[in-house]
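Q: Okay, here's the structure, questions in a sec.
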Amino acid sequence: MPVFPSVQWFDALRQAVNEDARFRSLGTCDAKVGIKTEDMAFIIIFEGFECAGVEEIGEDSLRDADFYFELSTQEWQEFLSNIQANGKADSDHSLNNMDLSRPSGMVKSHDEYRRHSFLRYHLSLQAFFDASAALETTFS
């Protein structure tokens, strides 16, 4: 059972999404997406119709991401627990609404132009995280 956050957890999710025809039906997603907690950072690479890879990175490397999601470990746990409880995120826990409900947002970027690609790909990214409903997840 993969532990969140870890490369193993994101890799299990990557494999599940790449086998899901519904994810591909949303269209292409070409983005380098960062994930940030208080003490860890990851980059997830989406190319075409699949999630091509994931790796743990240093926080400084988030500058290479098109954009990144910054939440506390507790907020990530609440987000993923909601997905597991409902089979997908409810409206209060969608990536888009979580970003809009925070004064400074949860979607960050070192380049505002690249940050806007979140709006282009948010449905694919939501589907990516919604696929975690099928993963048995433990939290560190």
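Labels for the structure tokens follow display order: chains A, B, ..., residues from 1 in each chain, ligands from 1.
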Please, which residues of chain A, numbered as in this document, come out strand (DSSP E) from DSSP, as a PyMOL selection string?
A: chain A and resi 3-4+31-36+41-47+50-57+67-70+107-108+138-139
Q: So that I can see what lies close to Ser91 (chain A), please list as a count of residues only the residues with an atom at most 12 Å from it, counting only C-alpha atoms and leaving out residues fewer than 5 positions away in the same chain.
A: 11
Q: Env of Pro5 (chain A): 10 Å cut, atoms = only C-alpha atoms, seq-sep filter 6 positions within chain, self excluded. Answer as an mmCIF file with C-alpha atoms, in the first residue's frame.
A:
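Saved file out00.cif follows:
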data_model
loop_
_atom_site.group_PDB
_atom_site.id
_atom_site.type_symbol
_atom_site.label_atom_id
_atom_site.label_comp_id
_atom_site.auth_asym_id
_atom_site.auth_seq_id
_atom_site.Cartn_x
_atom_site.Cartn_y
_atom_site.Cartn_z
ATOM 1 C CA ILE A 35 3.335 18.961 -6.140
ATOM 2 C CA LYS A 36 4.482 20.649 -2.931
ATOM 3 C CA THR A 37 3.926 19.836 0.706
ATOM 4 C CA MET A 40 8.578 17.468 -0.115
ATOM 5 C CA ALA A 41 8.232 18.308 -3.792
ATOM 6 C CA PHE A 42 7.519 16.207 -6.879
ATOM 7 C CA GLU A 56 10.918 13.654 -6.284
ATOM 8 C CA THR A 73 0.188 17.653 4.162
ATOM 9 C CA TRP A 76 -3.530 16.953 0.734
ATOM 10 C CA GLN A 77 -4.848 14.273 3.074
ATOM 11 C CA THR A 137 -3.470 4.964 0.402
ATOM 12 C CA THR A 138 -1.825 5.506 3.733
ATOM 13 C CA PHE A 139 -0.604 8.893 4.859
ATOM 14 C CA SER A 140 2.789 9.635 6.377
#
Q: Tell me which of A:Asn18, A:Ser104, A:Ser94, A:Gln84 sits closest to Leu123 (chain A), counting only C-alpha atoms.
A: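 Selected residue with least distance to Leu123 (chain A): A:Ser94.
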Q: Identify, with DSSP run on backbone atoms, the residues in chain A assigned to alpha helix (DSSP H), and express the list as a PyMOL selection string.
A: chain A and resi 7-18+21-25+73-86+95-100+112-115+117-130
Q: What lies within 10 Å of Arg114 (chain A) using only C-alpha atoms, ignoring chain neighbours under 6 positions off, as a PyMOL selection string?
A: chain A and resi 31-32+65-67+108
Q: Quick one: everything within 10 Å of Phe129 (chain A), counting only C-alpha atoms, minus sequence neighbours fewer than 2 positions away in the same chain. Send it as a list in words.
A: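 Using only C-alpha atoms, the neighbours found are Phe10, Leu13, Arg14, Val17, Phe79, Leu80, Ile83, Lys88, Ala89, Ser94, Leu95, Ser124, Leu125, Gln126, Ala127, Ala131, Ser132 and Ala133 of chain A.
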Q: Determine the nearest neighbour of Ser117 (chain A) from the options A:Cys29, A:Ala16, A:Val7, A:Ala21, counting only C-alpha atoms.
A: A:Cys29
Q: From the list A:Ala85, A:Arg63, A:Gly53, A:Leu135, which residue is nearest Glu112 (chain A) when using only C-alpha atoms?
A: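 Among A:Ala85, A:Arg63, A:Gly53, A:Leu135, it is A:Arg63 that comes nearest to Glu112 (chain A).
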Q: Pick out the closest residue to Tyr121 (chain A) from this set: A:Leu26, A:Ala12, A:Cys51, A:Val3. Count only C-alpha atoms.
A: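 Of A:Leu26, A:Ala12, A:Cys51, A:Val3, the one nearest Tyr121 (chain A), counting only C-alpha atoms, is A:Leu26.
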